[in-house]
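First up is the structure itself, then whatever we jot down about it.
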Amino acid sequence: MKRQKNKWLVYLSFFLVGITITFSQTGYANEKKDESGAAGFVYELQFPENQQQEVGYFDLKMQPGQQQTVQILVKNYSDEDIAVNVKLNGAKTNMNGVLEYGPTALENDASLKYDFTDLVKAPESIEVPKESEKMLDFMITMPESSYDGVIVGGIQLQKQDDANKPKQEGTAIINKYAYVVAMVLQESDVKVQPELELNKVVAGQSNYRNAVFIDASNTKANFLNDLTLEAQIMPLKSDEVLYETKKKSMRMAPNSNIKFPVSMGGEKMVPGKYRAHVLATSGKKKWEWTKEFSISNEEADKFNEEDLGLVQARGINWKLVAMVIASVMSVLIVIFIGIRIVNKRRAKKKKELSMIKKRKKRTE
């Protein structure tokens with residue numbers, strides 16, 4: 001079993017970006033109190049006739065090859081003109097089993113047939129004059145062939161930073177706010193069942209700590225809800241569990257990938273051959289795999305050097321401290337001996353001068 005080790009706390013200074021995610025139909029709750037909201041503006045979804053249900057996001061029933069424009073009304077109650085940046089993103093799944101509708105570095109899964117950003121287009125930004133409102137258009141173009149399942153993405157709206165605004169001295173944290181609105185596109189009523197596939201098991205790092213990653217994909221065009229993942233890492237020829245983890249209530253976006261981390265608990269990564277036992281459940285559905293993998297010497301050295309916990313543990317190099325202390329003591333001893341020798345020579349010379357003076361007096 002993995003051993004628990006004491007860790008030094010590492011404080012890092014981050015440029016904090018607070019992203020407020022909301023799926024409310026109306027982007028303003030109390031206009032009298034703060035009409036522009038924390039994001040500097042508010043919005044209102046304009047639902048078309050093919051909106052399938054009364055929810056706080058676009059849920060549209062489409063036809064093959066259909067083109068349609070949907071709109072969001074952006075309202076600026078402030079006394080200055082603003083620009084609002086618009087970003088379109090395909091829905092993805094992060095390592096914590098949380099859906100990502102905003103900008104992210106996560107890559108598309110190989111099973112994704114139609115990318116949301118290829119089907120939906122919008123301007124990169126819009127200008128909204130002070131104390132006014134403006135309609136923002138989104139052009140949707142569905143694939144020509146019929147498609148079962150759902151295509152999902154997100155729309156991020158964020159006030160453009162004022163480049164001429166002077167920076168406040170001594171400010172270390174800057175909060176930025178954005179709205180993110182989901183959009184679900186569906187053509188047929190065929191119920192697609194999610195399917196989970198294990199791709200690989202690899203060594204890596206989670207938050208600069210050594211870990212093993214379970215790389216799996218939801219290869220179907222539907223959400224995988226209420227997902228529980230359990231993973232155990234063992235040596236290839238042993239049943240001893242070295243590291244294990246379990247997490248419940250996760251979700252996966254359609255045709256998305258998850259890299260689920262199994263922490264090494266602050267331990268040093270050891271090269272060798274291992275196997276992972278993975279169990280995944282969602283409702284009555286169950287998937288189970290045993291996968292062999294290896295950690296090379298190069299990987300172990302690289303990740304051990306970058307592991308912040310291990311770096312802190314190595315922070316006090318007692319051998320180096322002892323060498324420094326010994327060096328300092330040696331220098332002090334040399335200085336002490338040198339001073340003693342100089343003082344003795346001075347005393348001897350002084351004594352000799354005193355003897356010479358006494359002899360001269362006797363002679364006189």
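In the structure tokens, chains take the letters A, B, ... in the order shown, each chain's residues start at 1, and ligands count up from 1 in the order shown.
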Which range 120-231 of chain A residues have any atom within 6 Å of an atom of range 36-58 of chain A, and for each, what is the nearest pair of atoms with distance in Å to one decimal, counting only C-alpha atoms, rows sorted by chain and number, as CSV?
```
residue,atom,partner,partner_atom,distance
A:Tyr177,CA,A:Ala39,CA,4.9
A:Ala178,CA,A:Ala39,CA,5.8
A:Val181,CA,A:Tyr57,CA,5.9
A:Ala182,CA,A:Tyr57,CA,5.3
A:Met183,CA,A:Phe58,CA,4.6
```
Mind dumping the selected residues with N, CA, C and O atoms as a short mmCIF file (atom, residue, chain, number, x, y, z; two decimals), in the first residue's frame?
```cif
data_model
loop_
_atom_site.label_atom_id
_atom_site.label_comp_id
_atom_site.auth_asym_id
_atom_site.auth_seq_id
_atom_site.Cartn_x
_atom_site.Cartn_y
_atom_site.Cartn_z
N TYR A 177 -14.67 38.04 -15.43
CA TYR A 177 -15.91 37.26 -15.43
C TYR A 177 -16.40 37.05 -16.86
O TYR A 177 -16.19 37.89 -17.73
N ALA A 178 -17.05 35.92 -17.07
CA ALA A 178 -17.61 35.62 -18.39
C ALA A 178 -18.88 34.81 -18.22
O ALA A 178 -19.06 34.12 -17.21
N VAL A 181 -22.76 29.85 -22.24
CA VAL A 181 -24.09 29.32 -22.55
C VAL A 181 -23.93 28.05 -23.38
O VAL A 181 -23.22 28.04 -24.38
N ALA A 182 -24.59 26.98 -22.97
CA ALA A 182 -24.50 25.72 -23.69
C ALA A 182 -25.44 25.73 -24.89
O ALA A 182 -26.46 26.42 -24.92
N MET A 183 -25.08 24.92 -25.92
CA MET A 183 -25.95 24.71 -27.06
C MET A 183 -25.93 23.22 -27.42
O MET A 183 -24.85 22.63 -27.58
#
```
A:Gly153, A:Tyr274, A:Asn257, A:Gly309 ranked by distance to Val241 in chain A, top pick (using only C-alpha atoms):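 Going through A:Gly153, A:Tyr274, A:Asn257, A:Gly309 one by one, the smallest distance to Val241 in chain A is for A:Tyr274.
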What lies within 6 Å of Val84 in chain A using only C-alpha atoms, ignoring chain neighbours under 2 positions off, as a compact mmCIF listing (two decimals) with all heavy atoms, in the first residue's frame?
```txt
# COMPACT_ATOMS: atom_id res chain seq x y z
N SER A 125 -16.23 39.34 -31.99
CA SER A 125 -16.61 40.33 -30.97
C SER A 125 -17.69 41.25 -31.54
O SER A 125 -17.88 41.32 -32.75
CB SER A 125 -15.40 41.15 -30.51
OG SER A 125 -14.92 41.95 -31.58
N ILE A 126 -18.39 41.92 -30.63
CA ILE A 126 -19.39 42.91 -31.04
C ILE A 126 -19.22 44.16 -30.18
O ILE A 126 -18.80 44.08 -29.03
CB ILE A 126 -20.83 42.38 -30.91
CG1 ILE A 126 -21.15 42.01 -29.46
CG2 ILE A 126 -21.07 41.21 -31.84
CD1 ILE A 126 -22.62 41.74 -29.22
N GLN A 158 -17.53 37.52 -23.07
CA GLN A 158 -16.67 38.19 -22.09
C GLN A 158 -16.35 39.60 -22.55
O GLN A 158 -16.01 39.83 -23.71
CB GLN A 158 -15.38 37.40 -21.88
CG GLN A 158 -14.49 37.95 -20.78
CD GLN A 158 -13.28 37.06 -20.52
OE1 GLN A 158 -12.72 36.49 -21.44
NE2 GLN A 158 -12.91 36.93 -19.28
N LYS A 159 -16.45 40.53 -21.61
CA LYS A 159 -16.14 41.92 -21.92
C LYS A 159 -14.67 42.06 -22.26
O LYS A 159 -13.79 41.55 -21.57
CB LYS A 159 -16.48 42.81 -20.73
CG LYS A 159 -16.24 44.30 -20.96
CD LYS A 159 -16.58 45.11 -19.71
CE LYS A 159 -16.26 46.57 -19.89
NZ LYS A 159 -16.55 47.35 -18.66
N GLN A 160 -14.41 42.78 -23.34
CA GLN A 160 -13.03 42.98 -23.78
C GLN A 160 -12.31 43.91 -22.81
O GLN A 160 -12.84 44.94 -22.40
CB GLN A 160 -13.04 43.58 -25.18
CG GLN A 160 -11.71 43.55 -25.89
CD GLN A 160 -11.84 44.05 -27.32
OE1 GLN A 160 -11.68 45.24 -27.59
NE2 GLN A 160 -12.14 43.14 -28.23
```
Residues near range 109-116 of chain A, cut-off 7 Å, only C-alpha atoms, skip fewer than 6 positions along chain, as a list of chain:residue names: A:Asn89, A:Gly90, A:Ile151, A:Val152, A:Gly153, A:Thr219, A:Asn255, A:Ser256, A:Asn257
With N, CA and C atoms retained, export the selected residues as a PDB file, in the first residue's frame.
```
ATOM      1  N   ASN A  89     -16.869  26.890 -28.453  1.00  0.00           N
ATOM      2  CA  ASN A  89     -16.070  25.756 -27.984  1.00  0.00           C
ATOM      3  C   ASN A  89     -16.892  24.485 -28.005  1.00  0.00           C
ATOM      4  N   GLY A  90     -16.279  23.392 -28.453  1.00  0.00           N
ATOM      5  CA  GLY A  90     -16.923  22.095 -28.355  1.00  0.00           C
ATOM      6  C   GLY A  90     -16.874  21.612 -26.916  1.00  0.00           C
ATOM      7  N   ILE A 151     -24.893  16.957 -30.725  1.00  0.00           N
ATOM      8  CA  ILE A 151     -23.651  17.714 -30.902  1.00  0.00           C
ATOM      9  C   ILE A 151     -23.720  18.867 -29.906  1.00  0.00           C
ATOM     10  N   VAL A 152     -22.700  18.990 -29.061  1.00  0.00           N
ATOM     11  CA  VAL A 152     -22.786  19.916 -27.930  1.00  0.00           C
ATOM     12  C   VAL A 152     -21.585  20.857 -27.908  1.00  0.00           C
ATOM     13  N   GLY A 153     -21.865  22.095 -27.555  1.00  0.00           N
ATOM     14  CA  GLY A 153     -20.792  23.071 -27.414  1.00  0.00           C
ATOM     15  C   GLY A 153     -21.200  24.200 -26.487  1.00  0.00           C
ATOM     16  N   THR A 219     -17.311   7.186 -26.564  1.00  0.00           N
ATOM     17  CA  THR A 219     -17.227   7.191 -28.029  1.00  0.00           C
ATOM     18  C   THR A 219     -18.570   7.423 -28.721  1.00  0.00           C
ATOM     19  N   ASN A 255     -18.781  12.028 -27.194  1.00  0.00           N
ATOM     20  CA  ASN A 255     -17.551  11.900 -27.985  1.00  0.00           C
ATOM     21  C   ASN A 255     -16.399  12.693 -27.380  1.00  0.00           C
ATOM     22  N   SER A 256     -16.161  12.444 -26.094  1.00  0.00           N
ATOM     23  CA  SER A 256     -15.087  13.166 -25.397  1.00  0.00           C
ATOM     24  C   SER A 256     -14.176  12.195 -24.662  1.00  0.00           C
ATOM     25  N   ASN A 257     -13.058  12.722 -24.220  1.00  0.00           N
ATOM     26  CA  ASN A 257     -12.009  11.925 -23.582  1.00  0.00           C
ATOM     27  C   ASN A 257     -11.794  12.401 -22.156  1.00  0.00           C
TER      28      ASN A 257
END
```
DSSP-assigned strand (DSSP E) among range 40-114 of chain A, expressed as JSON, numbers by chain: {"A": [42, 43, 44, 45, 46, 58, 59, 60, 61, 67, 68, 69, 70, 71, 72, 73, 74, 75, 76, 82, 83, 84, 85, 86, 87, 88, 89, 90, 92, 93, 99, 100]}
Among listed residues A:Gln205, A:Thr141, A:Asn222, A:Ser263, nearest Ala91 in chain A (using only C-alpha atoms):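 Ranked by minimum distance to Ala91 in chain A, first place goes to A:Asn222.
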Within 6 Å of range 209-214 of chain A using only C-alpha atoms, minus same-chain residues under 6 positions, as a ChimeraX atom specification: /A:201-203,259-264,307
Selection export as a compact mmCIF listing (two decimals), in the first residue's frame, atoms kept: all heavy atoms:
```txt
# COMPACT_ATOMS: atom_id res chain seq x y z
N VAL A 201 -3.08 3.50 -20.42
CA VAL A 201 -2.70 3.90 -19.06
C VAL A 201 -1.27 4.40 -19.14
O VAL A 201 -0.38 3.69 -19.64
CB VAL A 201 -2.82 2.73 -18.07
CG1 VAL A 201 -2.41 3.19 -16.66
CG2 VAL A 201 -4.23 2.17 -18.06
N VAL A 202 -1.03 5.62 -18.66
CA VAL A 202 0.30 6.23 -18.79
C VAL A 202 0.71 6.94 -17.51
O VAL A 202 -0.14 7.35 -16.71
CB VAL A 202 0.35 7.23 -19.97
CG1 VAL A 202 0.14 6.53 -21.29
CG2 VAL A 202 -0.70 8.32 -19.78
N ALA A 203 2.00 7.11 -17.34
CA ALA A 203 2.52 7.89 -16.22
C ALA A 203 2.47 9.36 -16.58
O ALA A 203 2.56 9.74 -17.75
CB ALA A 203 3.96 7.46 -15.90
N LYS A 259 -8.91 11.97 -18.93
CA LYS A 259 -7.63 11.47 -18.43
C LYS A 259 -7.73 11.50 -16.91
O LYS A 259 -7.43 12.50 -16.27
CB LYS A 259 -6.48 12.31 -18.96
CG LYS A 259 -6.27 12.17 -20.47
CD LYS A 259 -5.16 13.05 -20.98
CE LYS A 259 -4.87 12.78 -22.46
NZ LYS A 259 -6.03 13.02 -23.32
N PHE A 260 -8.14 10.37 -16.35
CA PHE A 260 -8.46 10.26 -14.93
C PHE A 260 -7.20 9.95 -14.13
O PHE A 260 -6.55 8.93 -14.34
CB PHE A 260 -9.49 9.15 -14.74
CG PHE A 260 -9.96 8.96 -13.32
CD1 PHE A 260 -10.72 9.94 -12.68
CD2 PHE A 260 -9.65 7.81 -12.63
CE1 PHE A 260 -11.16 9.76 -11.39
CE2 PHE A 260 -10.09 7.62 -11.32
CZ PHE A 260 -10.84 8.60 -10.71
N PRO A 261 -6.81 10.84 -13.18
CA PRO A 261 -5.55 10.65 -12.46
C PRO A 261 -5.66 9.73 -11.25
O PRO A 261 -6.63 9.80 -10.49
CB PRO A 261 -5.19 12.07 -12.02
CG PRO A 261 -6.53 12.73 -11.83
CD PRO A 261 -7.47 12.11 -12.84
N VAL A 262 -4.66 8.88 -11.09
CA VAL A 262 -4.51 8.06 -9.88
C VAL A 262 -3.23 8.56 -9.20
O VAL A 262 -2.12 8.32 -9.68
CB VAL A 262 -4.39 6.57 -10.20
CG1 VAL A 262 -4.27 5.76 -8.91
CG2 VAL A 262 -5.58 6.11 -11.02
N SER A 263 -3.40 9.27 -8.08
CA SER A 263 -2.25 9.90 -7.42
C SER A 263 -1.30 8.86 -6.82
O SER A 263 -1.72 7.82 -6.32
CB SER A 263 -2.75 10.84 -6.33
OG SER A 263 -1.66 11.34 -5.57
N MET A 264 -0.01 9.16 -6.87
CA MET A 264 0.99 8.32 -6.21
C MET A 264 1.20 8.75 -4.77
O MET A 264 2.11 8.25 -4.10
CB MET A 264 2.31 8.37 -6.98
CG MET A 264 2.26 7.66 -8.32
SD MET A 264 3.88 7.55 -9.09
CE MET A 264 3.52 6.47 -10.48
N ASP A 307 8.19 16.88 -9.73
CA ASP A 307 7.22 16.71 -8.64
C ASP A 307 7.53 17.70 -7.52
O ASP A 307 8.59 17.63 -6.90
CB ASP A 307 7.26 15.27 -8.13
CG ASP A 307 6.14 14.99 -7.13
OD1 ASP A 307 6.11 15.66 -6.07
OD2 ASP A 307 5.31 14.10 -7.38
```
Quick one: everything within 7 Å of Glu133 in chain A, counting only C-alpha atoms, minus sequence neighbours fewer than 4 positions away in the same chain. Send it as a PDB file with N, CA and C atoms, in the first residue's frame.
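The resulting file, result-v8.pdb, is shown below:
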```
ATOM      1  N   LEU A  73     -29.389  38.466 -27.136  1.00  0.00           N
ATOM      2  CA  LEU A  73     -29.466  39.916 -26.973  1.00  0.00           C
ATOM      3  C   LEU A  73     -28.495  40.338 -25.871  1.00  0.00           C
ATOM      4  N   VAL A  74     -27.530  41.169 -26.221  1.00  0.00           N
ATOM      5  CA  VAL A  74     -26.528  41.664 -25.270  1.00  0.00           C
ATOM      6  C   VAL A  74     -26.913  43.071 -24.849  1.00  0.00           C
ATOM      7  N   LYS A  75     -27.015  43.312 -23.538  1.00  0.00           N
ATOM      8  CA  LYS A  75     -27.460  44.606 -23.012  1.00  0.00           C
ATOM      9  C   LYS A  75     -26.341  45.285 -22.216  1.00  0.00           C
ATOM     10  N   ASN A  76     -26.099  46.532 -22.551  1.00  0.00           N
ATOM     11  CA  ASN A  76     -25.078  47.339 -21.882  1.00  0.00           C
ATOM     12  C   ASN A  76     -25.766  48.496 -21.173  1.00  0.00           C
ATOM     13  N   VAL A 128     -21.088  47.228 -28.296  1.00  0.00           N
ATOM     14  CA  VAL A 128     -22.392  47.600 -27.748  1.00  0.00           C
ATOM     15  C   VAL A 128     -22.274  49.000 -27.156  1.00  0.00           C
TER      16      VAL A 128
END
```
